[in-house]
>>> print(open('work37.cif').read())   # mmCIF, N, CA and C atoms and all ligand atoms
data_structure
loop_
_atom_site.label_atom_id
_atom_site.label_comp_id
_atom_site.auth_asym_id
_atom_site.auth_seq_id
_atom_site.Cartn_x
_atom_site.Cartn_y
_atom_site.Cartn_z
N MET A 195 13.90 12.51 -7.54
CA MET A 195 12.97 11.54 -6.91
C MET A 195 13.75 10.54 -6.08
N SER A 196 13.36 10.42 -4.82
CA SER A 196 13.97 9.43 -3.95
C SER A 196 12.84 8.50 -3.49
N THR A 197 12.99 7.20 -3.70
CA THR A 197 11.87 6.27 -3.49
C THR A 197 11.47 6.16 -2.02
N ASP A 198 12.40 6.46 -1.09
CA ASP A 198 12.03 6.34 0.32
C ASP A 198 11.74 7.70 0.96
N CYS A 199 11.46 8.70 0.13
CA CYS A 199 11.22 10.05 0.66
C CYS A 199 9.71 10.33 0.68
N ILE A 200 9.21 10.69 1.85
CA ILE A 200 7.76 10.91 2.01
C ILE A 200 7.25 12.05 1.12
N PHE A 201 8.04 13.12 0.97
CA PHE A 201 7.56 14.23 0.15
C PHE A 201 7.64 13.88 -1.34
N CYS A 202 8.61 13.08 -1.76
CA CYS A 202 8.61 12.60 -3.15
C CYS A 202 7.37 11.75 -3.40
N LYS A 203 6.99 10.95 -2.40
CA LYS A 203 5.78 10.11 -2.55
C LYS A 203 4.54 10.98 -2.67
N ILE A 204 4.48 12.08 -1.92
CA ILE A 204 3.34 12.99 -2.04
C ILE A 204 3.38 13.69 -3.40
N VAL A 205 4.56 14.18 -3.79
CA VAL A 205 4.69 14.85 -5.10
C VAL A 205 4.21 13.93 -6.22
N ASN A 206 4.55 12.63 -6.12
CA ASN A 206 4.22 11.68 -7.19
C ASN A 206 2.86 11.01 -7.00
N GLY A 207 2.13 11.42 -5.98
CA GLY A 207 0.78 10.88 -5.78
C GLY A 207 0.74 9.48 -5.18
N VAL A 208 1.89 8.97 -4.74
CA VAL A 208 1.93 7.63 -4.11
C VAL A 208 1.24 7.69 -2.76
N ILE A 209 1.45 8.80 -2.04
CA ILE A 209 0.71 9.09 -0.81
C ILE A 209 -0.20 10.26 -1.13
N PRO A 210 -1.50 10.13 -0.85
CA PRO A 210 -2.41 11.23 -1.18
C PRO A 210 -2.27 12.40 -0.21
N ALA A 211 -2.39 13.60 -0.73
CA ALA A 211 -2.39 14.80 0.10
C ALA A 211 -3.10 15.89 -0.70
N LYS A 212 -3.93 16.65 -0.02
CA LYS A 212 -4.64 17.73 -0.70
C LYS A 212 -3.64 18.85 -1.00
N ARG A 213 -3.56 19.24 -2.27
CA ARG A 213 -2.62 20.30 -2.66
C ARG A 213 -3.35 21.63 -2.63
N ILE A 214 -2.86 22.57 -1.84
CA ILE A 214 -3.53 23.86 -1.85
C ILE A 214 -2.99 24.73 -2.98
N TYR A 215 -1.88 24.30 -3.56
CA TYR A 215 -1.33 24.98 -4.74
C TYR A 215 -0.40 23.98 -5.44
N GLU A 216 -0.33 24.07 -6.76
CA GLU A 216 0.64 23.25 -7.50
C GLU A 216 1.00 23.95 -8.80
N ASP A 217 2.26 23.89 -9.17
CA ASP A 217 2.67 24.29 -10.52
C ASP A 217 3.75 23.32 -10.97
N ASP A 218 4.48 23.64 -12.02
CA ASP A 218 5.48 22.70 -12.56
C ASP A 218 6.61 22.41 -11.57
N ASP A 219 6.84 23.32 -10.65
CA ASP A 219 8.03 23.23 -9.80
C ASP A 219 7.76 22.89 -8.35
N VAL A 220 6.58 23.20 -7.85
CA VAL A 220 6.31 23.02 -6.42
C VAL A 220 4.90 22.48 -6.17
N ILE A 221 4.75 21.86 -4.99
CA ILE A 221 3.40 21.63 -4.46
C ILE A 221 3.34 22.30 -3.09
N VAL A 222 2.13 22.64 -2.68
CA VAL A 222 1.93 23.21 -1.35
C VAL A 222 0.84 22.41 -0.66
N ILE A 223 1.17 21.93 0.56
CA ILE A 223 0.23 21.08 1.31
C ILE A 223 0.12 21.61 2.74
N ASN A 224 -1.01 21.32 3.37
CA ASN A 224 -1.14 21.66 4.79
C ASN A 224 -0.32 20.67 5.60
N ASP A 225 0.33 21.16 6.65
CA ASP A 225 1.12 20.28 7.50
C ASP A 225 0.18 19.30 8.21
N ILE A 226 0.62 18.05 8.30
CA ILE A 226 -0.20 17.00 8.93
C ILE A 226 -0.35 17.24 10.44
N LYS A 227 0.63 17.93 11.03
CA LYS A 227 0.57 18.26 12.46
C LYS A 227 0.72 19.76 12.62
N PRO A 228 -0.35 20.52 12.33
CA PRO A 228 -0.22 21.98 12.29
C PRO A 228 0.18 22.59 13.63
N MET A 229 1.10 23.54 13.58
CA MET A 229 1.55 24.24 14.78
C MET A 229 1.00 25.66 14.83
N ALA A 230 0.11 25.98 13.92
CA ALA A 230 -0.57 27.28 13.90
C ALA A 230 -1.90 27.07 13.20
N LYS A 231 -2.79 28.06 13.31
CA LYS A 231 -4.11 27.90 12.67
C LYS A 231 -3.94 27.66 11.18
N VAL A 232 -3.01 28.40 10.59
CA VAL A 232 -2.62 28.12 9.20
C VAL A 232 -1.18 27.64 9.25
N HIS A 233 -0.92 26.48 8.68
CA HIS A 233 0.45 25.94 8.65
C HIS A 233 0.57 25.09 7.39
N PHE A 234 1.21 25.67 6.39
CA PHE A 234 1.40 24.89 5.16
C PHE A 234 2.87 24.79 4.80
N LEU A 235 3.15 23.85 3.91
CA LEU A 235 4.52 23.54 3.51
C LEU A 235 4.65 23.76 2.01
N ILE A 236 5.63 24.56 1.62
CA ILE A 236 5.93 24.77 0.20
C ILE A 236 7.06 23.79 -0.14
N VAL A 237 6.75 22.84 -1.01
CA VAL A 237 7.67 21.71 -1.27
C VAL A 237 8.06 21.69 -2.75
N PRO A 238 9.33 21.95 -3.06
CA PRO A 238 9.76 21.79 -4.45
C PRO A 238 9.56 20.36 -4.92
N LYS A 239 9.21 20.18 -6.19
CA LYS A 239 9.06 18.81 -6.72
C LYS A 239 10.41 18.11 -6.81
N LEU A 240 11.45 18.89 -6.99
CA LEU A 240 12.81 18.34 -7.09
C LEU A 240 13.26 17.83 -5.72
N HIS A 241 13.79 16.60 -5.69
CA HIS A 241 14.30 16.08 -4.42
C HIS A 241 15.69 16.64 -4.14
N VAL A 242 15.74 17.58 -3.20
CA VAL A 242 17.01 18.09 -2.68
C VAL A 242 16.88 17.95 -1.17
N GLU A 243 17.87 17.35 -0.52
CA GLU A 243 17.68 17.00 0.90
C GLU A 243 17.57 18.22 1.81
N THR A 244 18.50 19.16 1.68
CA THR A 244 18.52 20.28 2.62
C THR A 244 18.96 21.56 1.90
N LEU A 245 18.81 22.68 2.61
CA LEU A 245 19.28 23.96 2.07
C LEU A 245 20.80 23.93 1.86
N LYS A 246 21.48 23.10 2.66
CA LYS A 246 22.95 22.99 2.51
C LYS A 246 23.34 22.37 1.17
N ASP A 247 22.40 21.62 0.57
CA ASP A 247 22.69 20.94 -0.70
C ASP A 247 22.37 21.81 -1.90
N CYS A 248 21.91 23.03 -1.65
CA CYS A 248 21.56 23.94 -2.75
C CYS A 248 22.76 24.75 -3.20
N ASP A 249 22.75 25.08 -4.47
CA ASP A 249 23.78 25.97 -5.02
C ASP A 249 23.10 26.93 -5.98
N VAL A 250 23.91 27.60 -6.78
CA VAL A 250 23.35 28.64 -7.65
C VAL A 250 22.33 28.07 -8.65
N THR A 251 22.44 26.78 -8.94
CA THR A 251 21.47 26.18 -9.89
C THR A 251 20.06 26.09 -9.28
N HIS A 252 19.97 26.24 -7.96
CA HIS A 252 18.67 26.18 -7.28
C HIS A 252 18.11 27.57 -6.96
N GLN A 253 18.83 28.60 -7.39
CA GLN A 253 18.49 29.97 -7.00
C GLN A 253 17.06 30.36 -7.42
N THR A 254 16.71 30.06 -8.65
CA THR A 254 15.38 30.43 -9.15
C THR A 254 14.30 29.68 -8.38
N LEU A 255 14.53 28.40 -8.14
CA LEU A 255 13.56 27.58 -7.42
C LEU A 255 13.37 28.09 -5.99
N LEU A 256 14.47 28.43 -5.32
CA LEU A 256 14.38 28.94 -3.95
C LEU A 256 13.66 30.29 -3.92
N GLY A 257 13.92 31.11 -4.91
CA GLY A 257 13.23 32.40 -5.01
C GLY A 257 11.74 32.19 -5.20
N LYS A 258 11.41 31.23 -6.01
CA LYS A 258 9.99 30.92 -6.26
C LYS A 258 9.30 30.47 -4.98
N VAL A 259 9.97 29.61 -4.22
CA VAL A 259 9.42 29.14 -2.94
C VAL A 259 9.14 30.33 -2.03
N LEU A 260 10.10 31.22 -1.89
CA LEU A 260 9.91 32.37 -0.98
C LEU A 260 8.81 33.30 -1.46
N LEU A 261 8.75 33.53 -2.76
CA LEU A 261 7.73 34.46 -3.28
C LEU A 261 6.32 33.89 -3.22
N LEU A 262 6.23 32.56 -3.15
CA LEU A 262 4.90 31.95 -3.01
C LEU A 262 4.34 32.16 -1.61
N ALA A 263 5.22 32.33 -0.62
CA ALA A 263 4.75 32.45 0.77
C ALA A 263 3.76 33.62 0.93
N PRO A 264 4.11 34.85 0.56
CA PRO A 264 3.14 35.94 0.73
C PRO A 264 1.90 35.78 -0.15
N LYS A 265 2.07 35.22 -1.32
CA LYS A 265 0.93 35.04 -2.24
C LYS A 265 -0.10 34.09 -1.61
N LEU A 266 0.38 32.94 -1.13
CA LEU A 266 -0.54 31.94 -0.57
C LEU A 266 -1.06 32.37 0.80
N ALA A 267 -0.22 33.08 1.56
CA ALA A 267 -0.68 33.59 2.87
C ALA A 267 -1.83 34.57 2.64
N ALA A 268 -1.69 35.43 1.65
CA ALA A 268 -2.77 36.41 1.36
C ALA A 268 -4.04 35.68 0.95
N GLU A 269 -3.89 34.60 0.19
CA GLU A 269 -5.08 33.82 -0.22
C GLU A 269 -5.79 33.22 0.99
N GLN A 270 -5.04 33.02 2.08
CA GLN A 270 -5.65 32.48 3.31
C GLN A 270 -5.98 33.61 4.29
N SER A 271 -6.02 34.83 3.77
CA SER A 271 -6.42 36.03 4.53
C SER A 271 -5.47 36.37 5.67
N LEU A 272 -4.20 35.99 5.54
CA LEU A 272 -3.21 36.34 6.56
C LEU A 272 -2.58 37.68 6.18
N SER A 273 -2.52 38.60 7.14
CA SER A 273 -1.85 39.87 6.85
C SER A 273 -0.37 39.79 7.22
N GLY A 274 0.00 38.76 7.96
CA GLY A 274 1.41 38.51 8.29
C GLY A 274 1.58 37.03 8.56
N PHE A 275 2.82 36.57 8.54
CA PHE A 275 3.06 35.13 8.70
C PHE A 275 4.53 34.93 9.05
N LYS A 276 4.85 33.70 9.48
CA LYS A 276 6.24 33.32 9.74
C LYS A 276 6.66 32.29 8.71
N THR A 277 7.94 32.30 8.35
CA THR A 277 8.48 31.27 7.46
C THR A 277 9.62 30.58 8.18
N LEU A 278 9.81 29.31 7.86
CA LEU A 278 10.86 28.52 8.52
C LEU A 278 11.38 27.45 7.56
N ILE A 279 12.68 27.38 7.46
CA ILE A 279 13.30 26.25 6.73
C ILE A 279 14.26 25.59 7.71
N ASN A 280 13.89 24.44 8.25
CA ASN A 280 14.79 23.68 9.12
C ASN A 280 15.86 23.02 8.25
N THR A 281 17.09 23.08 8.71
CA THR A 281 18.18 22.55 7.89
C THR A 281 19.07 21.63 8.71
N GLY A 282 19.05 20.34 8.33
CA GLY A 282 19.89 19.34 9.00
C GLY A 282 19.25 18.90 10.32
N ARG A 283 19.70 17.73 10.79
CA ARG A 283 19.14 17.17 12.03
C ARG A 283 19.30 18.17 13.18
N GLU A 284 20.47 18.80 13.26
CA GLU A 284 20.72 19.77 14.32
C GLU A 284 19.83 21.01 14.17
N GLY A 285 19.36 21.25 12.96
CA GLY A 285 18.47 22.38 12.70
C GLY A 285 17.00 22.00 12.82
N GLY A 286 16.74 20.80 13.36
CA GLY A 286 15.36 20.40 13.60
C GLY A 286 14.65 19.79 12.40
N GLN A 287 15.40 19.52 11.33
CA GLN A 287 14.76 18.96 10.13
C GLN A 287 14.41 17.49 10.35
N GLU A 288 13.18 17.14 9.99
CA GLU A 288 12.73 15.75 10.13
C GLU A 288 12.53 15.08 8.79
N VAL A 289 12.07 15.85 7.82
CA VAL A 289 11.87 15.30 6.48
C VAL A 289 12.97 15.87 5.58
N PHE A 290 13.81 14.95 5.07
CA PHE A 290 14.99 15.38 4.31
C PHE A 290 14.67 15.54 2.82
N HIS A 291 13.74 16.43 2.57
CA HIS A 291 13.38 16.90 1.23
C HIS A 291 13.02 18.37 1.48
N ILE A 292 13.80 19.26 0.91
CA ILE A 292 13.71 20.68 1.28
C ILE A 292 12.26 21.19 1.18
N HIS A 293 11.89 22.01 2.15
CA HIS A 293 10.55 22.60 2.19
C HIS A 293 10.58 23.82 3.09
N ALA A 294 9.67 24.76 2.83
CA ALA A 294 9.52 25.94 3.69
C ALA A 294 8.18 25.85 4.40
N HIS A 295 8.22 26.04 5.72
CA HIS A 295 6.98 26.12 6.51
C HIS A 295 6.47 27.56 6.43
N VAL A 296 5.16 27.71 6.39
CA VAL A 296 4.53 29.03 6.54
C VAL A 296 3.48 28.88 7.65
N PHE A 297 3.60 29.75 8.67
CA PHE A 297 2.69 29.72 9.82
C PHE A 297 1.96 31.05 9.91
N GLY A 298 0.69 30.99 10.30
CA GLY A 298 -0.04 32.24 10.52
C GLY A 298 -1.33 32.01 11.28
N GLY A 299 -1.92 33.10 11.70
CA GLY A 299 -3.22 33.02 12.37
C GLY A 299 -3.17 32.64 13.83
N GLY A 300 -1.99 32.64 14.42
CA GLY A 300 -1.87 32.31 15.85
C GLY A 300 -1.78 30.82 16.10
N LYS A 301 -1.59 30.48 17.37
CA LYS A 301 -1.41 29.07 17.74
C LYS A 301 -2.70 28.28 17.52
N VAL A 302 -2.55 26.97 17.29
CA VAL A 302 -3.71 26.10 17.06
C VAL A 302 -4.59 26.07 18.30
P1 LIG B 401 10.79 19.57 9.22
O1 LIG B 401 11.06 19.38 10.69
O2 LIG B 401 11.47 18.52 8.39
O3 LIG B 401 11.07 20.98 8.77
O4 LIG B 401 9.24 19.43 9.08
C1 LIG B 401 8.58 18.36 8.47
C2 LIG B 401 7.11 18.64 8.57
O5 LIG B 401 6.43 17.74 7.73
C3 LIG B 401 6.53 18.42 10.00
O6 LIG B 401 5.93 19.64 10.43
C4 LIG B 401 5.53 17.30 9.82
O7 LIG B 401 4.37 17.47 10.61
C5 LIG B 401 5.22 17.34 8.33
N1 LIG B 401 4.89 16.06 7.75
C6 LIG B 401 5.53 14.88 7.94
N2 LIG B 401 4.95 13.90 7.23
C7 LIG B 401 3.90 14.47 6.57
C8 LIG B 401 2.92 13.96 5.68
O8 LIG B 401 2.86 12.77 5.34
N3 LIG B 401 2.01 14.83 5.19
C9 LIG B 401 2.03 16.17 5.54
N4 LIG B 401 1.09 16.94 5.01
N5 LIG B 401 2.94 16.68 6.38
C10 LIG B 401 3.87 15.84 6.89
ZN ZN B 402 12.11 13.73 -1.85
#
>>> encode(input="work37.cif", output="structure tokens")
Amino acid sequence: MSTDCIFCKIVNGVIPAKRIYEDDDVIVINDIKPMAKVHFLIVPKLHVETLKDCDVTHQTLLGKVLLLAPKLAAEQSLSGFKTLINTGREGGQEVFHIHAHVFGGGKV
């Protein structure tokens, strides 16, 4: 938990956001500025800044994030989708709490 992190605030309910999925390890929310008809974010509850900060102790969590993508995409009737994890400022990351984007259904 990082007190100045927007996704930690969402995870902890300090900032409200509709969760399209939640379990002990992750929440899934629709992106506030969708870049596709379907655009959601799979966000681990654990505050880890970037993929570069992950090691073998995060392996199960990262696997869980990836495996949720097809499951939740299917629930939204997508037969295919794109996934994206921006890493670091140079990698286009804006929110420094690791998350995977899932896009589908064509452009907004
Ligand atoms: P990044 O560039 O870090 O991979 O993407 C961060 C994403 O988080 C952006 O697509 C942005 O629109 C989204 N985002 C930023 N703040 C909020 C928020 O308060 N709520 C939601 N649902 N999405 C957010
Ligand atoms: Zn955080």
>>> closest_residue(input="work37.cif", among="A:Asn206, A:Gln270, A:Asn224, A:Thr254", to="ligand LIG 401 (chain B)", atoms="only N, CA and C atoms and all ligand atoms")
A:Asn224
>>> select_by_dssp(input="work37.cif", residues="chain A", states="strand (DSSP E)", output="VMD selection string")
chain A and resid 213 to 216 220 to 224 232 to 238 276 to 278 294 to 298
>>> select_by_dssp(input="work37.cif", residues="chain A", states="alpha helix (DSSP H)", output="count of residues only")
23
>>> residues_near_ligand(input="work37.cif", ligand="ligand ZN 402 (chain B)", cutoff="8 Å", atoms="only C-alpha atoms and all ligand atoms", output="ChimeraX atom specification")
/A:195-203,239-243,290-292
>>> atom_distance(input="work37.cif", atom1="atom CA of A:His233", atom2="atom N of A:His295")
8.3 Å
>>> residues_around(input="work37.cif", residues="A:Ile279", least_positions_apart="2", cutoff="6 Å", atoms="all atoms listed in the file", output="ChimeraX atom specification")
/A:277,281,293-295
>>> closest_residue(input="work37.cif", among="A:Leu261, A:Ile214, A:Met229, A:Val220", to="ligand LIG 401 (chain B)", atoms="only C-alpha atoms and all ligand atoms")
A:Met229
>>> axis_aligned_box(input="work37.cif", around="stretch 276-286 of chain A", padding_each_side="5 Å", output="JSON")
{"center_x": 12.8, "center_y": 25.4, "center_z": 10.5, "size_x": 25.9, "size_y": 26.5, "size_z": 17.6}
>>> residues_near_ligand(input="work37.cif", ligand="ligand LIG 401 (chain B)", cutoff="5 Å", atoms="only N, CA and C atoms and all ligand atoms", output="list in words")
Asn224, Asp225, Ile226, Lys227, Asn280, Gly286, Gln287, Glu288 and Val289 of chain A
>>> residues_around(input="work37.cif", residues="A:Leu260", least_positions_apart="4", cutoff="10 Å", atoms="only C-alpha atoms", output="ChimeraX atom specification")
/A:236,255-256,264-265,277,294,296
>>> residues_around(input="work37.cif", residues="A:Ser271", least_positions_apart="3", cutoff="10 Å", atoms="only C-alpha atoms", output="PyMOL selection string")
chain A and resi 232+266-268+274+298-299
>>> atom_distance(input="work37.cif", atom1="atom CA of A:Gly300", atom2="atom N of A:Pro228")
12.4 Å
>>> atom_distance(input="work37.cif", atom1="atom N of A:Val302", atom2="atom N of A:Glu216")
24.3 Å
